[in-house]
Structure formats: structure tokens, C-alpha cells
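Right, one structure below, let's go through it.
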Amino acid sequence: MQLETLITRFQQRDTVAFEKLYGMYAENICGVINTIVKDDTLASELCQDVFVKVWKNAESYNASKGRFFTWLLNIARNTAIDEVRSKTYKDQKKNLSADYFVGILDRSEISEESSVDTNEIGRLIKKLKQKCIELIELLYFKGYTQKEVSEELEIPLGTVKTRNRSCISQLRENMKK
């Protein structure tokens, strides 16, 4: 069955389609979550929460805005970051790097559909200047707030905001190439 058909059936509350999508993505989503929370048990619990959220909000997925895996990945990332912030685990995630995050996603057991996304993430990030890589790593992979990035990098908050916009613009430009 094609992925598009599977997603359409999932959005129509087809439990068989949900189970297939879960089978395709759960291991990778748990890995991503574990990269952020650094706790296998917690990652498994959050992975379940992510799939419950996805099931409840299936109609909000819009293929014209991006791939299903990317949508799922964003929900997982946000869930993990929310959990880490709520439990104040910030010190435990300081050794996490963007290369490690991309490496986790780029494992051979990831489905063909999702590996395109992760290869693209790695390619786009590696094209950025080091200051952008560092900023994106802290903001998006480690879950720091802009204020925390300002303190960590010892630069003004306004500089963080401007640099973030600039780096995101550069990522968008790289996506067009």
C-alpha cells in the first residue's frame, strides 16, 4: 500500500492504517525522543503519547505543508522538549550535537520515505556556517529558549533572534537549491 493511501486511511480513523504507520515509524520516533530525553523508558512513554496525539489530531496533517514523517517528527520533538523543560533536565542534554541527532535519524533501519527527510536535514545543516549550526543545535535539537542560548553563548538576546532568523532564512535558501 502506498504511503499516501495509508495516510488518507489513517486520517479517516482506520486503525489498520494507524498500526501500519506506527510499525513504520515508532522505533525511529522513540530514538529521536530518546536523543532528547536520554532515558529509554521515558522515551517509550513519550513515543506512545506522540502517537496518541497524532491519532487525535490526524485531520491536522496537511501533505501540502510537508511530509508525514516530518510532521510526526515535529510533534515528537516538541513533546520531548516539553517533557525535558517540565522536569528541568537541561543539564543532561548539554552533550547532544546536531551531528549526533542526524546520525540517530540516519540509521539503515529507517524506512525509505523517512531517510530522504533525514538525509536532507543533515545536508542542509552541514551547509550552514558554524555559528548557525551551534544556534540551531541549541534552539531546535536541545530545546533551549532564545534567552538560554543568549546566556550559553554569551551574546545579546537580540543577536540570538536576528541570527536565528538569518539561519532559518539560509536553511530555506538551501532547500531551494
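Residue names in the C-alpha cells use chain letters A, B, ... in the order shown, residue numbers from 1 in each chain, and ligand numbers from 1 in the order shown.
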
Within 12 Å of Thr159 of chain A, counting only C-alpha atoms, which residues show up once you throw out same-chain ones fewer than 2 positions away? Write them as a ChimeraX atom specification, please. /A:131-132,135,146-147,149-151,153-157,161-167

Please save N, CA and C atoms of the selected residues as a compact mmCIF listing (two decimals), in the first residue's frame.
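Resulting contents of part28.txt:
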```
# COMPACT_ATOMS: atom_id res chain seq x y z
N LYS A 131 28.38 29.13 13.26
CA LYS A 131 27.57 29.85 14.25
C LYS A 131 26.09 29.50 14.09
N CYS A 132 25.65 29.22 12.87
CA CYS A 132 24.26 28.81 12.65
C CYS A 132 24.04 27.39 13.15
N LEU A 135 23.76 27.55 16.89
CA LEU A 135 22.49 28.16 17.30
C LEU A 135 21.32 27.19 17.09
N GLN A 146 15.46 31.11 23.52
CA GLN A 146 16.38 32.11 22.99
C GLN A 146 17.16 32.78 24.11
N LYS A 147 16.52 33.00 25.23
CA LYS A 147 17.20 33.61 26.38
C LYS A 147 18.33 32.69 26.88
N VAL A 149 19.94 30.47 25.12
CA VAL A 149 21.01 30.49 24.12
C VAL A 149 21.86 31.74 24.30
N SER A 150 21.20 32.86 24.56
CA SER A 150 21.92 34.11 24.80
C SER A 150 22.90 33.95 25.96
N GLU A 151 22.45 33.33 27.04
CA GLU A 151 23.31 33.11 28.20
C GLU A 151 24.42 32.10 27.90
N LEU A 153 25.78 31.22 24.97
CA LEU A 153 26.77 31.70 24.01
C LEU A 153 27.35 33.06 24.38
N GLU A 154 26.81 33.64 25.47
CA GLU A 154 27.26 34.94 25.96
C GLU A 154 27.18 36.01 24.87
N ILE A 155 25.99 36.06 24.23
CA ILE A 155 25.71 37.09 23.23
C ILE A 155 24.35 37.71 23.57
N PRO A 156 24.11 38.93 23.12
CA PRO A 156 22.83 39.58 23.43
C PRO A 156 21.63 38.81 22.86
N LEU A 157 20.51 38.91 23.55
CA LEU A 157 19.29 38.23 23.12
C LEU A 157 18.88 38.69 21.72
N LYS A 161 18.12 36.37 18.31
CA LYS A 161 16.90 36.45 17.50
C LYS A 161 17.23 36.75 16.04
N THR A 162 18.11 37.71 15.82
CA THR A 162 18.49 38.08 14.46
C THR A 162 19.22 36.92 13.77
N ARG A 163 20.14 36.31 14.49
CA ARG A 163 20.90 35.19 13.93
C ARG A 163 19.97 34.01 13.62
N ASN A 164 19.01 33.77 14.50
CA ASN A 164 18.05 32.68 14.28
C ASN A 164 17.28 32.92 12.98
N ARG A 165 16.76 34.14 12.80
CA ARG A 165 16.04 34.46 11.56
C ARG A 165 16.94 34.29 10.35
N SER A 166 18.16 34.75 10.47
CA SER A 166 19.11 34.66 9.37
C SER A 166 19.43 33.19 9.04
N CYS A 167 19.64 32.39 10.07
CA CYS A 167 19.98 30.97 9.86
C CYS A 167 18.80 30.22 9.25
```

Would you kindly return, as a compact mmCIF listing (two decimals) with all heavy atoms, in the first residue's frame, each protein, DNA or RNA residue with an atom no farther than 12 Å from any atom of segment 42-53 of chain A, considering only C-alpha atoms and excluding same-chain residues fewer than 2 positions away?
```txt
# COMPACT_ATOMS: atom_id res chain seq x y z
N PHE A 10 -5.58 6.58 7.46
CA PHE A 10 -5.30 6.95 8.85
C PHE A 10 -6.12 8.16 9.26
O PHE A 10 -6.72 8.19 10.33
CB PHE A 10 -3.80 7.21 9.00
CG PHE A 10 -3.41 7.98 10.22
CD1 PHE A 10 -3.44 7.40 11.47
CD2 PHE A 10 -2.98 9.30 10.11
CE1 PHE A 10 -3.07 8.11 12.60
CE2 PHE A 10 -2.62 10.01 11.24
CZ PHE A 10 -2.66 9.42 12.48
N PHE A 18 -3.36 3.06 10.98
CA PHE A 18 -2.62 3.59 12.13
C PHE A 18 -1.56 2.59 12.58
O PHE A 18 -0.41 2.95 12.82
CB PHE A 18 -3.57 3.91 13.28
CG PHE A 18 -2.86 4.30 14.55
CD1 PHE A 18 -2.35 5.57 14.70
CD2 PHE A 18 -2.70 3.40 15.59
CE1 PHE A 18 -1.68 5.94 15.86
CE2 PHE A 18 -2.04 3.76 16.75
CZ PHE A 18 -1.53 5.03 16.89
N GLU A 19 -1.94 1.32 12.69
CA GLU A 19 -1.00 0.29 13.13
C GLU A 19 0.17 0.16 12.17
O GLU A 19 1.32 -0.01 12.59
CB GLU A 19 -1.72 -1.06 13.27
CG GLU A 19 -2.66 -1.09 14.46
CD GLU A 19 -3.54 -2.34 14.50
OE1 GLU A 19 -3.37 -3.25 13.64
OE2 GLU A 19 -4.41 -2.42 15.38
N LEU A 21 1.35 2.56 10.13
CA LEU A 21 2.18 3.76 10.29
C LEU A 21 2.99 3.69 11.59
O LEU A 21 4.16 4.06 11.62
CB LEU A 21 1.32 5.02 10.26
CG LEU A 21 0.74 5.39 8.90
CD1 LEU A 21 -0.30 6.48 9.03
CD2 LEU A 21 1.84 5.79 7.94
N TYR A 22 2.36 3.19 12.63
CA TYR A 22 3.06 3.02 13.91
C TYR A 22 4.24 2.06 13.71
O TYR A 22 5.35 2.34 14.15
CB TYR A 22 2.11 2.49 14.98
CG TYR A 22 2.78 2.30 16.32
CD1 TYR A 22 2.88 3.36 17.21
CD2 TYR A 22 3.32 1.07 16.69
CE1 TYR A 22 3.51 3.21 18.43
CE2 TYR A 22 3.95 0.91 17.91
CZ TYR A 22 4.04 1.98 18.78
OH TYR A 22 4.68 1.82 19.98
N GLY A 23 3.99 0.96 13.03
CA GLY A 23 5.06 -0.01 12.77
C GLY A 23 6.19 0.57 11.95
O GLY A 23 7.36 0.24 12.15
N TYR A 25 7.12 3.82 11.84
CA TYR A 25 7.81 4.98 12.41
C TYR A 25 8.11 4.93 13.90
O TYR A 25 8.91 5.72 14.38
CB TYR A 25 7.00 6.25 12.13
CG TYR A 25 6.87 6.57 10.66
CD1 TYR A 25 5.64 6.57 10.03
CD2 TYR A 25 7.99 6.87 9.90
CE1 TYR A 25 5.52 6.87 8.68
CE2 TYR A 25 7.89 7.17 8.56
CZ TYR A 25 6.65 7.18 7.95
OH TYR A 25 6.54 7.47 6.62
N ALA A 26 7.49 4.07 14.66
CA ALA A 26 7.62 4.11 16.12
C ALA A 26 9.06 4.00 16.60
O ALA A 26 9.50 4.76 17.47
CB ALA A 26 6.76 3.02 16.76
N GLU A 27 9.81 3.07 16.05
CA GLU A 27 11.19 2.88 16.51
C GLU A 27 12.03 4.14 16.28
O GLU A 27 12.78 4.57 17.15
CB GLU A 27 11.83 1.69 15.79
CG GLU A 27 13.23 1.39 16.26
CD GLU A 27 13.84 0.20 15.56
OE1 GLU A 27 13.10 -0.63 14.99
OE2 GLU A 27 15.08 0.10 15.57
N ASN A 28 11.85 4.76 15.12
CA ASN A 28 12.61 5.97 14.81
C ASN A 28 12.18 7.15 15.67
O ASN A 28 13.01 7.92 16.14
CB ASN A 28 12.45 6.31 13.33
CG ASN A 28 12.99 5.21 12.45
OD1 ASN A 28 14.03 4.65 12.73
ND2 ASN A 28 12.26 4.88 11.41
N ILE A 29 10.89 7.27 15.90
CA ILE A 29 10.38 8.35 16.73
C ILE A 29 10.87 8.18 18.17
O ILE A 29 11.29 9.14 18.81
CB ILE A 29 8.84 8.43 16.65
CG1 ILE A 29 8.41 8.85 15.24
CG2 ILE A 29 8.27 9.37 17.69
CD1 ILE A 29 8.95 10.18 14.76
N CYS A 30 10.83 6.95 18.67
CA CYS A 30 11.36 6.69 20.02
C CYS A 30 12.85 7.05 20.09
O CYS A 30 13.30 7.60 21.10
CB CYS A 30 11.15 5.23 20.41
SG CYS A 30 9.46 4.85 20.89
N GLY A 31 13.58 6.75 19.04
CA GLY A 31 15.01 7.09 19.01
C GLY A 31 15.24 8.59 19.06
O GLY A 31 16.13 9.07 19.77
N VAL A 32 14.44 9.33 18.32
CA VAL A 32 14.56 10.78 18.32
C VAL A 32 14.24 11.33 19.71
O VAL A 32 14.96 12.17 20.24
CB VAL A 32 13.61 11.40 17.26
CG1 VAL A 32 13.49 12.90 17.44
CG2 VAL A 32 14.10 11.07 15.87
N ILE A 33 13.16 10.84 20.29
CA ILE A 33 12.77 11.30 21.63
C ILE A 33 13.86 10.96 22.64
O ILE A 33 14.23 11.78 23.47
CB ILE A 33 11.41 10.69 22.04
CG1 ILE A 33 10.29 11.24 21.16
CG2 ILE A 33 11.12 10.94 23.51
CD1 ILE A 33 8.96 10.53 21.30
N ASN A 34 14.40 9.74 22.54
CA ASN A 34 15.45 9.32 23.46
C ASN A 34 16.70 10.19 23.32
O ASN A 34 17.41 10.43 24.30
CB ASN A 34 15.78 7.85 23.26
CG ASN A 34 16.63 7.30 24.39
OD1 ASN A 34 16.48 7.68 25.54
ND2 ASN A 34 17.51 6.39 24.06
N THR A 35 16.96 10.67 22.12
CA THR A 35 18.09 11.56 21.91
C THR A 35 17.94 12.83 22.73
O THR A 35 18.91 13.39 23.23
CB THR A 35 18.20 11.92 20.41
OG1 THR A 35 18.36 10.73 19.66
CG2 THR A 35 19.37 12.84 20.15
N ILE A 36 16.71 13.26 22.91
CA ILE A 36 16.45 14.49 23.65
C ILE A 36 16.35 14.22 25.15
O ILE A 36 16.95 14.93 25.95
CB ILE A 36 15.18 15.19 23.11
CG1 ILE A 36 15.42 15.62 21.66
CG2 ILE A 36 14.79 16.38 23.98
CD1 ILE A 36 14.18 16.09 20.93
N VAL A 37 15.58 13.20 25.55
CA VAL A 37 15.36 12.97 26.98
C VAL A 37 16.42 12.08 27.62
O VAL A 37 16.56 12.07 28.84
CB VAL A 37 13.95 12.38 27.27
CG1 VAL A 37 12.87 13.33 26.80
CG2 VAL A 37 13.77 11.00 26.68
N LYS A 38 17.14 11.32 26.82
CA LYS A 38 18.22 10.44 27.29
C LYS A 38 17.76 9.47 28.36
O LYS A 38 18.42 9.27 29.38
CB LYS A 38 19.41 11.26 27.78
CG LYS A 38 20.03 12.08 26.68
CD LYS A 38 21.25 12.83 27.15
CE LYS A 38 21.80 13.63 25.99
NZ LYS A 38 22.96 14.38 26.31
N ASP A 39 16.61 8.86 28.12
CA ASP A 39 16.06 7.89 29.05
C ASP A 39 15.15 6.96 28.24
O ASP A 39 14.10 7.39 27.75
CB ASP A 39 15.27 8.62 30.14
CG ASP A 39 14.64 7.69 31.16
OD1 ASP A 39 14.22 6.57 30.80
OD2 ASP A 39 14.54 8.09 32.33
N ASP A 40 15.55 5.69 28.10
CA ASP A 40 14.82 4.74 27.26
C ASP A 40 13.37 4.57 27.69
O ASP A 40 12.46 4.56 26.85
CB ASP A 40 15.50 3.36 27.28
CG ASP A 40 16.83 3.36 26.57
OD1 ASP A 40 17.03 4.21 25.68
OD2 ASP A 40 17.67 2.49 26.89
N TRP A 55 -2.96 10.46 16.51
CA TRP A 55 -4.27 9.84 16.24
C TRP A 55 -5.39 10.85 16.47
O TRP A 55 -6.30 10.98 15.66
CB TRP A 55 -4.43 8.61 17.12
CG TRP A 55 -5.77 7.94 16.97
CD1 TRP A 55 -6.80 7.95 17.85
CD2 TRP A 55 -6.21 7.16 15.85
NE1 TRP A 55 -7.85 7.22 17.36
CE2 TRP A 55 -7.52 6.72 16.12
CE3 TRP A 55 -5.62 6.79 14.65
CZ2 TRP A 55 -8.25 5.94 15.26
CZ3 TRP A 55 -6.36 6.01 13.77
CH2 TRP A 55 -7.65 5.59 14.07
N LYS A 56 -5.30 11.57 17.60
CA LYS A 56 -6.35 12.54 17.93
C LYS A 56 -6.37 13.73 16.98
O LYS A 56 -7.40 14.37 16.81
CB LYS A 56 -6.17 13.04 19.36
CG LYS A 56 -6.53 12.01 20.41
CD LYS A 56 -6.34 12.56 21.81
CE LYS A 56 -6.72 11.53 22.86
NZ LYS A 56 -6.51 12.03 24.22
N ASN A 57 -5.22 14.05 16.40
CA ASN A 57 -5.10 15.22 15.52
C ASN A 57 -4.79 14.86 14.08
O ASN A 57 -4.20 15.65 13.35
CB ASN A 57 -4.02 16.16 16.06
CG ASN A 57 -4.37 16.70 17.43
OD1 ASN A 57 -5.39 17.35 17.59
ND2 ASN A 57 -3.56 16.38 18.42
N ALA A 58 -5.18 13.67 13.67
CA ALA A 58 -4.86 13.17 12.32
C ALA A 58 -5.33 14.14 11.23
O ALA A 58 -4.64 14.33 10.23
CB ALA A 58 -5.49 11.80 12.11
N GLU A 59 -6.47 14.76 11.43
CA GLU A 59 -7.01 15.66 10.41
C GLU A 59 -6.16 16.91 10.23
O GLU A 59 -6.25 17.58 9.21
CB GLU A 59 -8.46 16.03 10.73
CG GLU A 59 -8.64 16.94 11.93
CD GLU A 59 -8.50 16.24 13.30
OE1 GLU A 59 -8.50 15.00 13.35
OE2 GLU A 59 -8.36 16.95 14.30
N SER A 60 -5.31 17.22 11.18
CA SER A 60 -4.49 18.43 11.07
C SER A 60 -3.28 18.24 10.16
O SER A 60 -2.64 19.22 9.78
CB SER A 60 -4.05 18.92 12.45
OG SER A 60 -3.10 18.04 13.00
N TYR A 61 -2.97 17.00 9.79
CA TYR A 61 -1.85 16.78 8.86
C TYR A 61 -2.26 17.26 7.47
O TYR A 61 -3.33 16.93 6.97
CB TYR A 61 -1.44 15.31 8.80
CG TYR A 61 -0.46 15.06 7.67
CD1 TYR A 61 0.82 15.59 7.72
CD2 TYR A 61 -0.84 14.35 6.54
CE1 TYR A 61 1.70 15.41 6.67
CE2 TYR A 61 0.04 14.17 5.50
CZ TYR A 61 1.31 14.70 5.56
OH TYR A 61 2.18 14.52 4.52
N TRP A 71 6.11 15.87 9.88
CA TRP A 71 5.03 16.28 10.79
C TRP A 71 5.11 15.49 12.09
O TRP A 71 5.08 16.05 13.18
CB TRP A 71 3.69 16.08 10.08
CG TRP A 71 2.47 16.42 10.87
CD1 TRP A 71 2.04 17.66 11.25
CD2 TRP A 71 1.49 15.50 11.37
NE1 TRP A 71 0.85 17.56 11.95
CE2 TRP A 71 0.49 16.25 12.03
CE3 TRP A 71 1.36 14.11 11.31
CZ2 TRP A 71 -0.61 15.66 12.63
CZ3 TRP A 71 0.25 13.53 11.90
CH2 TRP A 71 -0.72 14.30 12.56
N LEU A 72 5.25 14.19 11.96
CA LEU A 72 5.36 13.30 13.11
C LEU A 72 6.61 13.63 13.94
O LEU A 72 6.56 13.70 15.16
CB LEU A 72 5.40 11.85 12.62
CG LEU A 72 5.37 10.72 13.62
CD1 LEU A 72 4.11 10.76 14.45
CD2 LEU A 72 5.45 9.39 12.87
N LEU A 73 7.71 13.86 13.25
CA LEU A 73 8.96 14.19 13.91
C LEU A 73 8.85 15.49 14.71
O LEU A 73 9.34 15.58 15.84
CB LEU A 73 10.08 14.31 12.87
CG LEU A 73 11.47 14.61 13.38
CD1 LEU A 73 11.99 13.48 14.25
CD2 LEU A 73 12.42 14.83 12.20
N ASN A 74 8.18 16.48 14.16
CA ASN A 74 8.00 17.76 14.87
C ASN A 74 7.16 17.57 16.13
O ASN A 74 7.47 18.16 17.17
CB ASN A 74 7.37 18.80 13.96
CG ASN A 74 8.36 19.39 12.98
OD1 ASN A 74 9.55 19.48 13.27
ND2 ASN A 74 7.88 19.76 11.81
N ILE A 75 6.12 16.77 16.04
CA ILE A 75 5.30 16.51 17.22
C ILE A 75 6.13 15.79 18.28
O ILE A 75 6.08 16.13 19.46
CB ILE A 75 4.04 15.68 16.83
CG1 ILE A 75 3.12 16.55 15.96
CG2 ILE A 75 3.30 15.19 18.08
CD1 ILE A 75 1.99 15.78 15.30
N ALA A 76 6.92 14.82 17.86
CA ALA A 76 7.76 14.07 18.79
C ALA A 76 8.80 14.99 19.44
O ALA A 76 9.00 14.95 20.66
CB ALA A 76 8.45 12.92 18.07
N ARG A 77 9.44 15.79 18.64
CA ARG A 77 10.46 16.70 19.15
C ARG A 77 9.87 17.67 20.16
O ARG A 77 10.41 17.87 21.25
CB ARG A 77 11.08 17.48 17.96
CG ARG A 77 12.16 18.43 18.35
CD ARG A 77 12.55 19.29 17.15
NE ARG A 77 13.01 20.56 17.62
CZ ARG A 77 12.23 21.60 17.92
NH1 ARG A 77 10.95 21.55 17.77
NH2 ARG A 77 12.76 22.73 18.36
N ASN A 78 8.73 18.26 19.82
CA ASN A 78 8.08 19.20 20.73
C ASN A 78 7.63 18.53 22.02
O ASN A 78 7.77 19.10 23.11
CB ASN A 78 6.90 19.88 20.04
CG ASN A 78 7.34 20.82 18.95
OD1 ASN A 78 8.47 21.28 18.92
ND2 ASN A 78 6.45 21.10 18.02
N THR A 79 7.13 17.31 21.91
CA THR A 79 6.71 16.56 23.10
C THR A 79 7.91 16.30 24.01
O THR A 79 7.84 16.47 25.23
CB THR A 79 6.04 15.22 22.69
OG1 THR A 79 4.88 15.52 21.91
CG2 THR A 79 5.65 14.40 23.90
N ALA A 80 9.01 15.87 23.41
CA ALA A 80 10.22 15.58 24.20
C ALA A 80 10.77 16.84 24.85
O ALA A 80 11.14 16.83 26.03
CB ALA A 80 11.28 14.93 23.31
N ILE A 81 10.79 17.94 24.12
CA ILE A 81 11.30 19.19 24.67
C ILE A 81 10.40 19.67 25.80
O ILE A 81 10.88 20.11 26.85
CB ILE A 81 11.45 20.26 23.57
CG1 ILE A 81 12.63 19.88 22.67
CG2 ILE A 81 11.65 21.65 24.16
CD1 ILE A 81 12.76 20.72 21.42
N ASP A 82 9.09 19.58 25.61
CA ASP A 82 8.17 19.96 26.68
C ASP A 82 8.42 19.14 27.94
O ASP A 82 8.42 19.66 29.05
CB ASP A 82 6.71 19.78 26.25
CG ASP A 82 6.26 20.81 25.22
OD1 ASP A 82 6.99 21.81 25.02
OD2 ASP A 82 5.20 20.60 24.61
N GLU A 83 8.65 17.85 27.77
CA GLU A 83 8.91 16.97 28.91
C GLU A 83 10.21 17.37 29.61
O GLU A 83 10.26 17.48 30.83
CB GLU A 83 8.98 15.51 28.45
CG GLU A 83 9.31 14.54 29.56
CD GLU A 83 8.23 14.41 30.62
OE1 GLU A 83 7.06 14.78 30.37
OE2 GLU A 83 8.55 13.93 31.72
N VAL A 84 11.23 17.61 28.84
CA VAL A 84 12.53 17.96 29.41
C VAL A 84 12.43 19.29 30.16
O VAL A 84 12.97 19.42 31.25
CB VAL A 84 13.60 18.02 28.30
CG1 VAL A 84 14.87 18.68 28.80
CG2 VAL A 84 13.90 16.62 27.80
N LYS A 87 10.63 18.88 33.50
CA LYS A 87 11.38 18.14 34.50
C LYS A 87 12.76 18.76 34.77
O LYS A 87 13.56 18.20 35.50
CB LYS A 87 11.58 16.69 34.04
CG LYS A 87 10.30 15.95 33.77
CD LYS A 87 9.94 15.10 34.92
CE LYS A 87 8.71 14.29 34.55
NZ LYS A 87 8.10 13.70 35.69
```

Shortest interatomic distance to Phe68 of chain A - which of A:Leu128, A:Leu3, A:Thr41, A:Glu137, counting only C-alpha atoms: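 Using only C-alpha atoms, Phe68 of chain A sits closest to A:Leu3.
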
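Across the model, the gap from atom CA of Leu171 of chain A to atom CA of Leu124 of chain A is 6.4 Å.
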
Gap from atom CA of Val160 of chain A to atom CA of Lys65 of chain A - Å, one decimal: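 Atom CA of Lys65 of chain A lies 26.8 Å from atom CA of Val160 of chain A.
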
All alpha helix (DSSP H) residues (DSSP, backbone) inside segment 44-93 of chain A, as a PyMOL selection string: chain A and resi 44-56+68-87

Restricting the output to N, CA and C atoms, write the selected residues as an mmCIF file, in the first residue's frame.
```cif
data_model
loop_
_atom_site.group_PDB
_atom_site.id
_atom_site.type_symbol
_atom_site.label_atom_id
_atom_site.label_comp_id
_atom_site.auth_asym_id
_atom_site.auth_seq_id
_atom_site.Cartn_x
_atom_site.Cartn_y
_atom_site.Cartn_z
ATOM 1 N N SER A 44 10.078 5.766 25.536
ATOM 2 C CA SER A 44 9.000 4.857 25.117
ATOM 3 C C SER A 44 7.632 5.399 25.512
ATOM 4 N N GLU A 45 7.534 5.928 26.721
ATOM 5 C CA GLU A 45 6.269 6.506 27.179
ATOM 6 C C GLU A 45 5.880 7.712 26.330
ATOM 7 N N LEU A 46 6.850 8.577 26.064
ATOM 8 C CA LEU A 46 6.568 9.760 25.258
ATOM 9 C C LEU A 46 6.223 9.385 23.820
ATOM 10 N N CYS A 47 6.844 8.340 23.321
ATOM 11 C CA CYS A 47 6.539 7.856 21.970
ATOM 12 C C CYS A 47 5.069 7.449 21.891
ATOM 13 N N GLN A 48 4.605 6.752 22.897
ATOM 14 C CA GLN A 48 3.192 6.372 22.947
ATOM 15 C C GLN A 48 2.314 7.630 22.977
ATOM 16 N N ASP A 49 2.714 8.603 23.776
ATOM 17 C CA ASP A 49 1.962 9.859 23.855
ATOM 18 C C ASP A 49 1.904 10.555 22.494
ATOM 19 N N VAL A 50 3.024 10.536 21.783
ATOM 20 C CA VAL A 50 3.080 11.170 20.469
ATOM 21 C C VAL A 50 2.071 10.512 19.525
ATOM 22 N N PHE A 51 2.044 9.190 19.521
ATOM 23 C CA PHE A 51 1.124 8.507 18.615
ATOM 24 C C PHE A 51 -0.337 8.707 19.025
ATOM 25 N N VAL A 52 -0.597 8.884 20.305
ATOM 26 C CA VAL A 52 -1.961 9.221 20.741
ATOM 27 C C VAL A 52 -2.317 10.622 20.230
ATOM 28 N N LYS A 53 -1.379 11.573 20.361
ATOM 29 C CA LYS A 53 -1.609 12.932 19.858
ATOM 30 C C LYS A 53 -1.863 12.917 18.354
ATOM 31 N N VAL A 54 -1.049 12.156 17.651
ATOM 32 C CA VAL A 54 -1.171 12.072 16.198
ATOM 33 C C VAL A 54 -2.534 11.489 15.816
ATOM 34 N N TRP A 55 -2.958 10.459 16.513
ATOM 35 C CA TRP A 55 -4.265 9.844 16.241
ATOM 36 C C TRP A 55 -5.394 10.854 16.474
ATOM 37 N N LYS A 56 -5.295 11.573 17.596
ATOM 38 C CA LYS A 56 -6.347 12.537 17.931
ATOM 39 C C LYS A 56 -6.369 13.729 16.978
ATOM 40 N N PHE A 68 4.701 13.455 5.924
ATOM 41 C CA PHE A 68 4.103 12.894 7.126
ATOM 42 C C PHE A 68 5.159 12.660 8.197
ATOM 43 N N PHE A 69 6.311 12.096 7.799
ATOM 44 C CA PHE A 69 7.365 11.819 8.774
ATOM 45 C C PHE A 69 7.843 13.108 9.437
ATOM 46 N N THR A 70 7.956 14.171 8.660
ATOM 47 C CA THR A 70 8.397 15.453 9.204
ATOM 48 C C THR A 70 7.384 15.986 10.207
ATOM 49 N N TRP A 71 6.106 15.872 9.880
ATOM 50 C CA TRP A 71 5.031 16.283 10.788
ATOM 51 C C TRP A 71 5.115 15.488 12.087
ATOM 52 N N LEU A 72 5.248 14.190 11.958
ATOM 53 C CA LEU A 72 5.361 13.297 13.115
ATOM 54 C C LEU A 72 6.611 13.627 13.936
ATOM 55 N N LEU A 73 7.705 13.858 13.249
ATOM 56 C CA LEU A 73 8.964 14.191 13.909
ATOM 57 C C LEU A 73 8.848 15.492 14.710
ATOM 58 N N ASN A 74 8.179 16.482 14.155
ATOM 59 C CA ASN A 74 7.999 17.756 14.868
ATOM 60 C C ASN A 74 7.163 17.570 16.128
ATOM 61 N N ILE A 75 6.123 16.771 16.038
ATOM 62 C CA ILE A 75 5.295 16.506 17.215
ATOM 63 C C ILE A 75 6.125 15.790 18.280
ATOM 64 N N ALA A 76 6.916 14.817 17.856
ATOM 65 C CA ALA A 76 7.762 14.067 18.795
ATOM 66 C C ALA A 76 8.799 14.987 19.439
ATOM 67 N N ARG A 77 9.441 15.790 18.641
ATOM 68 C CA ARG A 77 10.463 16.705 19.145
ATOM 69 C C ARG A 77 9.865 17.668 20.165
ATOM 70 N N ASN A 78 8.726 18.256 19.818
ATOM 71 C CA ASN A 78 8.078 19.201 20.731
ATOM 72 C C ASN A 78 7.631 18.527 22.024
ATOM 73 N N THR A 79 7.132 17.309 21.914
ATOM 74 C CA THR A 79 6.711 16.556 23.103
ATOM 75 C C THR A 79 7.915 16.296 24.012
ATOM 76 N N ALA A 80 9.012 15.869 23.412
ATOM 77 C CA ALA A 80 10.220 15.579 24.196
ATOM 78 C C ALA A 80 10.766 16.842 24.854
ATOM 79 N N ILE A 81 10.787 17.935 24.116
ATOM 80 C CA ILE A 81 11.297 19.192 24.670
ATOM 81 C C ILE A 81 10.397 19.674 25.799
ATOM 82 N N ASP A 82 9.089 19.576 25.612
ATOM 83 C CA ASP A 82 8.167 19.960 26.682
ATOM 84 C C ASP A 82 8.422 19.138 27.944
ATOM 85 N N GLU A 83 8.647 17.852 27.767
ATOM 86 C CA GLU A 83 8.907 16.972 28.911
ATOM 87 C C GLU A 83 10.205 17.367 29.613
ATOM 88 N N VAL A 84 11.227 17.605 28.836
ATOM 89 C CA VAL A 84 12.526 17.964 29.409
ATOM 90 C C VAL A 84 12.434 19.285 30.158
ATOM 91 N N ARG A 85 11.742 20.228 29.587
ATOM 92 C CA ARG A 85 11.588 21.520 30.260
ATOM 93 C C ARG A 85 10.789 21.377 31.540
ATOM 94 N N SER A 86 9.762 20.550 31.500
ATOM 95 C CA SER A 86 8.925 20.409 32.689
ATOM 96 C C SER A 86 9.677 19.710 33.816
ATOM 97 N N LYS A 87 10.629 18.882 33.499
ATOM 98 C CA LYS A 87 11.382 18.137 34.502
ATOM 99 C C LYS A 87 12.760 18.765 34.767
#
```

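Rounded to one decimal, atom CA of Lys177 of chain A and atom CA of Glu4 of chain A lie 25.6 Å from each other.
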